[in-house]
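Below: run-v7.txt (compact mmCIF, C-alpha atoms and all ligand atoms)
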# COMPACT_ATOMS: atom_id res chain seq x y z
CA MET A 1 3.82 39.18 -18.54
CA GLN A 2 2.48 42.55 -19.56
CA ALA A 3 -1.16 43.41 -18.93
CA SER A 4 -1.68 43.83 -22.68
CA ASP A 5 -0.33 40.31 -23.32
CA ALA A 6 -2.75 38.93 -20.78
CA ARG A 7 -5.60 40.74 -22.52
CA VAL A 8 -4.62 39.33 -25.91
CA ASP A 9 -4.39 35.84 -24.43
CA ARG A 10 -7.77 36.17 -22.78
CA THR A 11 -9.35 37.21 -26.07
CA ALA A 12 -7.73 34.24 -27.80
CA HIS A 13 -8.91 31.96 -25.02
CA LEU A 14 -12.53 33.16 -25.26
CA LYS A 15 -12.46 32.89 -29.04
CA CYS A 16 -11.11 29.35 -28.75
CA ARG A 17 -13.92 28.35 -26.39
CA GLU A 18 -16.59 30.00 -28.50
CA SER A 19 -15.48 28.43 -31.75
CA ARG A 20 -15.12 25.08 -30.02
CA ASP A 21 -18.74 25.26 -28.84
CA ARG A 22 -20.03 26.49 -32.17
CA ASP A 23 -18.17 24.04 -34.36
CA SER A 24 -19.08 21.22 -32.03
CA ILE A 25 -16.25 19.02 -33.20
CA ALA A 26 -14.60 19.05 -29.86
CA PRO A 27 -11.66 16.69 -29.60
CA VAL A 28 -10.95 14.61 -26.51
CA ASN A 29 -10.21 16.98 -23.65
CA ASP A 30 -11.70 19.88 -25.51
CA VAL A 31 -10.29 22.43 -23.14
CA CYS A 32 -8.73 25.48 -24.68
CA ASP A 33 -5.40 26.45 -23.22
CA PRO A 34 -5.84 27.99 -19.80
CA GLU A 35 -5.30 31.68 -19.56
CA PRO A 36 -1.97 32.66 -18.06
CA GLY A 37 -2.17 32.83 -14.28
CA GLU A 38 -5.75 31.60 -14.21
CA SER A 39 -5.24 28.42 -12.22
CA MET A 40 -6.23 30.11 -8.97
CA ALA A 41 -8.96 32.19 -10.59
CA GLY A 42 -11.66 29.71 -9.58
CA ASN A 43 -10.62 29.90 -5.97
CA ASP A 44 -10.74 33.68 -6.11
CA THR A 45 -14.26 33.68 -7.53
CA ILE A 46 -15.45 31.24 -4.89
CA ALA A 47 -13.81 33.22 -2.10
CA SER A 48 -15.15 36.56 -3.32
CA VAL A 49 -18.72 35.25 -3.75
CA HIS A 50 -18.52 33.75 -0.27
CA ASP A 51 -17.07 36.93 1.23
CA ALA A 52 -19.93 38.88 -0.34
CA GLY A 53 -22.32 36.71 1.68
CA ARG A 54 -23.67 34.83 -1.33
CA ARG A 55 -24.13 31.06 -1.34
CA LEU A 56 -25.16 30.32 -4.94
CA LEU A 57 -22.79 30.78 -7.85
CA THR A 58 -24.60 31.57 -11.09
CA GLU A 59 -24.22 29.24 -14.07
CA VAL A 60 -21.74 31.69 -15.61
CA GLU A 61 -19.61 31.77 -12.44
CA SER A 62 -19.88 28.00 -11.90
CA LYS A 63 -18.77 27.22 -15.45
CA GLN A 64 -15.93 29.71 -15.19
CA VAL A 65 -14.44 28.06 -12.10
CA LEU A 66 -14.89 24.59 -13.62
CA ALA A 67 -13.25 25.66 -16.90
CA ASP A 68 -10.39 27.15 -14.87
CA ALA A 69 -9.94 23.71 -13.30
CA GLY A 70 -9.70 22.13 -16.76
CA ILE A 71 -13.22 20.67 -16.84
CA PRO A 72 -14.75 21.28 -20.30
CA THR A 73 -17.89 23.42 -20.30
CA THR A 74 -19.98 25.13 -22.95
CA SER A 75 -19.14 28.80 -22.75
CA ALA A 76 -21.67 31.02 -21.01
CA ILE A 77 -21.34 34.77 -21.40
CA LEU A 78 -23.22 37.20 -19.18
CA ALA A 79 -25.28 39.89 -20.94
CA SER A 80 -27.07 42.48 -18.86
CA SER A 81 -29.51 43.91 -21.40
CA ARG A 82 -31.53 42.80 -24.41
CA GLU A 83 -29.17 44.64 -26.75
CA GLU A 84 -26.13 43.01 -25.20
CA ALA A 85 -27.76 39.57 -25.38
CA VAL A 86 -28.38 40.07 -29.11
CA LYS A 87 -24.81 41.23 -29.65
CA VAL A 88 -23.31 38.30 -27.73
CA SER A 89 -25.56 35.80 -29.54
CA ARG A 90 -24.21 37.12 -32.83
CA ASP A 91 -20.70 36.41 -31.53
CA VAL A 92 -21.41 32.91 -30.21
CA GLY A 93 -23.46 31.99 -33.29
CA PHE A 94 -26.91 30.55 -33.89
CA PRO A 95 -28.82 28.62 -32.76
CA ALA A 96 -28.30 30.33 -29.42
CA VAL A 97 -29.53 29.74 -25.87
CA LEU A 98 -30.55 32.26 -23.21
CA LYS A 99 -30.71 31.36 -19.52
CA ILE A 100 -31.64 33.56 -16.62
CA ALA A 101 -28.60 34.64 -14.58
CA SER A 102 -29.69 35.21 -11.01
CA THR A 103 -27.92 34.94 -7.69
CA ASN A 104 -30.99 33.33 -6.15
CA ILE A 105 -32.57 31.17 -8.85
CA ALA A 106 -31.14 27.64 -8.67
CA HIS A 107 -33.46 25.85 -11.11
CA LYS A 108 -33.81 28.00 -14.18
CA SER A 109 -36.32 25.96 -16.23
CA ASP A 110 -38.77 25.91 -13.31
CA VAL A 111 -39.22 29.69 -13.60
CA GLY A 112 -39.28 29.93 -17.41
CA GLY A 113 -35.60 30.88 -17.38
CA VAL A 114 -34.23 28.70 -20.22
CA ARG A 115 -34.86 29.42 -23.92
CA LEU A 116 -33.26 26.98 -26.36
CA ASN A 117 -32.65 26.87 -30.11
CA LEU A 118 -33.00 30.59 -30.89
CA ALA A 119 -32.46 30.83 -34.63
CA ASP A 120 -31.60 34.51 -35.12
CA GLU A 121 -31.31 37.95 -33.52
CA ASP A 122 -35.09 38.49 -33.55
CA GLU A 123 -35.72 35.27 -31.71
CA VAL A 124 -33.07 36.18 -29.13
CA SER A 125 -34.62 39.60 -28.65
CA GLN A 126 -38.15 38.18 -28.20
CA ALA A 127 -36.93 35.36 -25.95
CA TYR A 128 -35.16 37.91 -23.74
CA ASP A 129 -38.36 39.87 -23.13
CA ALA A 130 -40.51 36.76 -22.70
CA MET A 131 -38.03 35.29 -20.25
CA MET A 132 -37.77 38.45 -18.16
CA ASP A 133 -41.60 38.62 -17.96
CA ALA A 134 -41.89 34.95 -17.00
CA VAL A 135 -39.18 35.22 -14.34
CA ALA A 136 -40.61 38.44 -12.90
CA ALA A 137 -44.01 36.71 -12.59
CA SER A 138 -42.73 33.49 -11.04
CA SER A 139 -39.86 34.87 -8.93
CA PRO A 140 -40.70 38.39 -7.83
CA GLY A 141 -37.85 39.78 -5.78
CA ALA A 142 -35.15 37.61 -7.40
CA GLU A 143 -31.94 39.50 -8.02
CA ILE A 144 -31.32 39.28 -11.78
CA GLN A 145 -27.78 39.83 -13.14
CA GLY A 146 -28.93 39.40 -16.72
CA VAL A 147 -28.85 36.40 -19.02
CA SER A 148 -26.29 33.76 -19.84
CA VAL A 149 -25.85 33.60 -23.61
CA GLN A 150 -24.44 30.46 -25.17
CA ALA A 151 -24.41 28.36 -28.30
CA MET A 152 -26.64 25.29 -28.54
CA ALA A 153 -24.49 22.27 -27.80
CA ARG A 154 -24.96 19.40 -30.23
CA PRO A 155 -27.03 16.59 -28.69
CA GLY A 156 -25.16 13.95 -26.73
CA ILE A 157 -25.84 11.29 -24.12
CA GLU A 158 -26.96 13.16 -21.00
CA LEU A 159 -25.01 12.45 -17.84
CA VAL A 160 -24.99 13.97 -14.38
CA MET A 161 -22.05 14.46 -12.06
CA GLY A 162 -22.29 15.98 -8.63
CA MET A 163 -20.96 16.36 -5.13
CA SER A 164 -22.77 16.62 -1.83
CA LYS A 165 -21.42 16.44 1.70
CA ASP A 166 -22.26 13.59 4.01
CA PRO A 167 -22.14 14.55 7.71
CA GLN A 168 -19.97 11.51 8.43
CA PHE A 169 -17.96 10.93 5.25
CA GLY A 170 -17.60 14.46 3.92
CA PRO A 171 -17.64 15.07 0.14
CA VAL A 172 -19.32 12.29 -1.84
CA LEU A 173 -19.18 12.21 -5.66
CA MET A 174 -22.19 11.17 -7.71
CA PHE A 175 -22.38 9.95 -11.29
CA GLY A 176 -25.39 8.87 -13.34
CA LEU A 177 -27.43 9.07 -16.46
CA GLY A 178 -29.05 12.47 -16.90
CA GLY A 179 -32.36 13.78 -18.05
CA VAL A 180 -35.55 11.91 -17.24
CA LEU A 181 -33.61 8.77 -16.39
CA VAL A 182 -31.90 10.30 -13.38
CA GLU A 183 -35.18 11.72 -12.09
CA VAL A 184 -37.31 8.62 -12.59
CA LEU A 185 -34.91 5.74 -12.21
CA LYS A 186 -32.37 7.27 -9.80
CA ASP A 187 -29.72 5.35 -11.74
CA VAL A 188 -26.72 6.82 -9.96
CA ALA A 189 -23.52 5.69 -8.26
CA PHE A 190 -21.75 7.30 -5.30
CA ARG A 191 -18.16 7.26 -3.99
CA ILE A 192 -16.50 9.07 -1.13
CA ALA A 193 -14.00 11.73 -2.30
CA PRO A 194 -11.18 11.81 -3.14
CA LEU A 195 -11.76 9.23 -5.86
CA THR A 196 -9.17 6.71 -6.91
CA THR A 197 -8.81 5.84 -10.59
CA ARG A 198 -10.51 2.56 -9.75
CA ASP A 199 -13.44 4.37 -8.06
CA ALA A 200 -14.02 6.47 -11.17
CA ALA A 201 -13.93 3.42 -13.46
CA ASP A 202 -16.21 1.39 -11.16
CA MET A 203 -18.89 4.02 -10.59
CA ILE A 204 -19.39 4.49 -14.33
CA ARG A 205 -19.71 0.74 -14.89
CA GLU A 206 -22.04 0.03 -11.99
CA ILE A 207 -25.00 2.12 -13.13
CA LYS A 208 -27.77 0.11 -14.78
CA GLY A 209 -27.59 2.32 -17.86
CA PHE A 210 -23.93 1.51 -18.54
CA PRO A 211 -24.78 -0.38 -21.78
CA VAL A 212 -26.23 2.90 -23.11
CA LEU A 213 -22.81 4.50 -22.61
CA ASN A 214 -20.92 1.56 -24.01
CA GLY A 215 -22.45 1.39 -27.47
CA TYR A 216 -25.80 -0.37 -27.05
CA ARG A 217 -27.13 -2.05 -30.24
CA GLY A 218 -24.67 -0.53 -32.62
CA GLN A 219 -24.86 3.03 -31.27
CA ASP A 220 -21.58 4.86 -30.79
CA ALA A 221 -20.05 4.35 -27.36
CA ILE A 222 -19.34 7.54 -25.47
CA ASP A 223 -15.80 8.51 -24.52
CA ILE A 224 -15.67 6.64 -21.22
CA ALA A 225 -12.02 7.58 -20.63
CA ALA A 226 -13.04 11.26 -20.75
CA VAL A 227 -15.79 10.61 -18.21
CA GLU A 228 -13.32 8.87 -15.88
CA GLU A 229 -10.80 11.66 -16.29
CA ASN A 230 -13.34 14.37 -15.54
CA LEU A 231 -14.74 12.56 -12.50
CA LEU A 232 -11.18 12.50 -11.16
CA LYS A 233 -10.71 16.19 -11.98
CA LEU A 234 -13.99 16.97 -10.25
CA SER A 235 -12.88 15.03 -7.20
CA GLY A 236 -9.63 17.02 -7.04
CA PHE A 237 -11.54 20.23 -7.67
CA VAL A 238 -13.90 19.80 -4.68
CA ASP A 239 -11.12 18.41 -2.52
CA GLU A 240 -9.12 21.63 -2.99
CA ARG A 241 -12.16 23.84 -2.37
CA PRO A 242 -13.70 23.06 1.02
CA LEU A 243 -15.96 26.12 0.70
CA ILE A 244 -18.04 24.18 -1.86
CA LYS A 245 -21.00 22.57 -0.13
CA GLU A 246 -22.76 21.14 -3.14
CA LEU A 247 -22.12 20.85 -6.85
CA ASP A 248 -24.46 19.76 -9.60
CA LEU A 249 -23.43 19.30 -13.25
CA ASN A 250 -26.72 18.49 -14.96
CA PRO A 251 -26.61 17.83 -17.80
CA VAL A 252 -23.17 16.90 -19.02
CA PHE A 253 -23.34 15.94 -22.71
CA ALA A 254 -21.13 12.98 -23.58
CA TYR A 255 -19.99 12.24 -27.14
CA SER A 256 -17.96 9.51 -28.75
CA GLU A 257 -14.82 11.63 -28.48
CA SER A 258 -15.35 14.13 -25.64
CA LEU A 259 -17.79 15.56 -23.14
CA THR A 260 -18.93 19.03 -22.10
CA VAL A 261 -20.73 20.44 -19.07
CA VAL A 262 -23.95 22.13 -20.28
CA ASP A 263 -25.28 23.32 -16.92
CA ALA A 264 -23.50 23.82 -13.59
CA ARG A 265 -24.60 24.87 -10.12
CA ILE A 266 -22.27 25.41 -7.19
CA VAL A 267 -23.53 26.08 -3.67
CA LEU A 268 -21.16 27.33 -0.96
CA GLU A 269 -21.01 26.63 2.76
CA ASP A 270 -22.79 29.05 5.09
CA ALA A 271 -19.96 29.99 7.37
P1 LIG B 1 -31.89 24.18 -15.20
O1 LIG B 1 -31.36 22.83 -14.83
O2 LIG B 1 -31.42 25.25 -14.25
O3 LIG B 1 -33.37 24.20 -15.37
P2 LIG B 1 -30.34 23.90 -17.69
O4 LIG B 1 -29.23 24.82 -17.98
O5 LIG B 1 -29.97 22.51 -17.25
O6 LIG B 1 -31.30 24.60 -16.63
O7 LIG B 1 -31.25 23.82 -18.98
C1 LIG B 1 -32.36 22.94 -19.08
C2 LIG B 1 -32.16 21.96 -20.22
O8 LIG B 1 -31.96 22.66 -21.43
C3 LIG B 1 -30.93 21.07 -20.07
O9 LIG B 1 -31.22 19.91 -19.35
C4 LIG B 1 -30.55 20.77 -21.50
O10 LIG B 1 -31.30 19.66 -21.98
C5 LIG B 1 -31.00 22.01 -22.25
N1 LIG B 1 -29.87 22.93 -22.47
C6 LIG B 1 -29.41 23.88 -21.64
N2 LIG B 1 -28.36 24.55 -22.16
C7 LIG B 1 -28.13 24.01 -23.38
C8 LIG B 1 -27.17 24.26 -24.42
N3 LIG B 1 -26.23 25.21 -24.32
N4 LIG B 1 -27.24 23.48 -25.53
C9 LIG B 1 -28.18 22.52 -25.66
N5 LIG B 1 -29.11 22.23 -24.72
C10 LIG B 1 -29.10 22.96 -23.59
MG MG B 2 -29.70 21.77 -15.31

Kindly present the structure from the file in structure tokens form.
Amino acid sequence: MQASDARVDRTAHLKCRESRDRDSIAPVNDVCDPEPGESMAGNDTIASVHDAGRRLLTEVESKQVLADAGIPTTSAILASSREEAVKVSRDVGFPAVLKIASTNIAHKSDVGGVRLNLADEDEVSQAYDAMMDAVAASSPGAEIQGVSVQAMARPGIELVMGMSKDPQFGPVLMFGLGGVLVEVLKDVAFRIAPLTTRDAADMIREIKGFPVLNGYRGQDAIDIAAVEENLLKLSGFVDERPLIKELDLNPVFAYSESLTVVDARIVLEDA
């Protein structure tokens, strides 16, 4: 493949992901075709961040390596100035979202680093300044790469998926209901990786909130097959990448016909 072909394909790939997020009519498995030769790209990003002595992948980097592994994410494009953020928001469409992109801020909302539902270019521009002021006040000394610009995802049922390492059992996968429910009720299920198909099916069904996923009182059921499939993909993903120490997808929005990762955080091993 020629370099120019690869560039054309990458542009098509980004356009596909952007329009998918904007139109929000994502079909099952709403992953745009992978870019040619990108299957190892996630590994390269992880290795290069680790080699650079960093332990926290930004949201943009985390979503990139997940998307490379075929796990659907909302696109997140890095902009390093107010002007660039405005330009990118025009491309991704409104309402837009800005999030702080920093190599040492793990919880963005805690430092005023998430601005949702920005209706137009003016709102993006103002939110950029307000966010930079808030982050500078609450996290002096943080290394800021810029902002992650993305489209607002349509509302869905909020889920969480994650991985942490147990000293005895190694990687353990977590699944649960997201948002306030996960914080207050701790309604989560765990399985040792790698997951079997049965593990994935069981952990979804054993949380107390399962009826909420399965169409409680006439509400649409979420696409449980897509959740199972992505838990299995996530299991394979962490299994192939021992440098990952911790992974947190919170929230994942689930719909009746698909799901998408809205926020992602990947932490690497020290040594
Ligand atoms: P953090 O967890 O680092 O504080 P998040 O990226 O999870 O930041 O953003 C906080 C909340 O904002 C999320 O839980 C979600 O409800 C909402 N949110 C974030 N990104 C989007 C998006 N692209 N579309 C819709 N809602 C979003
Ligand atoms: Mg989050």

Please extract the residues at most 7 Å from ligand LIG 1 (chain B), counting only C-alpha atoms and all ligand atoms, and provide them as JSON, numbers by chain, using the chain letters and residue numbers of this document.
{"A": [74, 97, 99, 106, 107, 108, 109, 110, 114, 116, 150, 151, 152, 153, 154, 155, 179, 250, 251, 262, 263]}

Among the residues A:Ile157, A:Leu243, A:Ala225, A:Ile100, the one that comes closest to Pro171 of chain A [using only C-alpha atoms]:
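That would be A:Leu243, the residue with the smallest distance to Pro171 of chain A.
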
Using all atoms listed in the file, which residues sit within 6 Å of segment 131-139 of chain A once same-chain residues fewer than 3 positions away are excluded, as a ChimeraX atom specification?
/A:111-113,127-128,142

Give me the residues within 12 Å of Phe210 of chain A as number ranges by chain, counting only C-alpha atoms and dropping any in the same chain fewer than 3 places off.
A: 157, 159, 175-177, 187-189, 201-207, 213-216, 221-222, 224

Using all atoms listed in the file, which of the listed residues (A:Arg265, A:Lys245, A:Lys208, A:Lys233) sits closest to Ile71 of chain A?
A:Lys233

Grab the atom CA of Ile46 of chain A to atom CA of Met163 of chain A distance for me, in Å with one decimal place.
15.9 Å

Which residues are near segment 191-196 of chain A? Cut-off 6 Å, all atoms listed in the file, ignore same chain within fewer than 5 positions. Put them as a list in words.
Pro171, Val172, Leu173 and Ser235 of chain A

Proximity to ligand MG 2 (chain B) - best of A:Glu83, A:Glu158, A:Asp129, A:Asp91, all atoms listed in the file
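For ligand MG 2 (chain B), the nearest of the candidates is A:Glu158.
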
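Atom to atom, atom CA of Gln145 of chain A and atom CA of Ser80 of chain A stand 6.3 Å apart.
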
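Closest to ligand MG 2 (chain B) among A:Gly162, A:Pro72, A:Gly146, A:Pro95 is A:Gly162, based on only C-alpha atoms and all ligand atoms.
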
May I ask for the distance between atom CA of Ala226 of chain A and atom CA of Gly209 of chain A, given in Å to one decimal place?
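Result for atom CA of Ala226 of chain A versus atom CA of Gly209 of chain A: 17.3 Å, one decimal.
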
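For the residues A:Phe253, A:Phe190, A:Phe237, A:Phe94, ranking by smallest atom-to-atom distance to ligand MG 2 (chain B) using all atoms listed in the file places A:Phe253 first.
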
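Closest approach to ligand MG 2 (chain B) among A:Leu185, A:Leu66, A:Val88, A:Val252: A:Val252, based on only C-alpha atoms and all ligand atoms.
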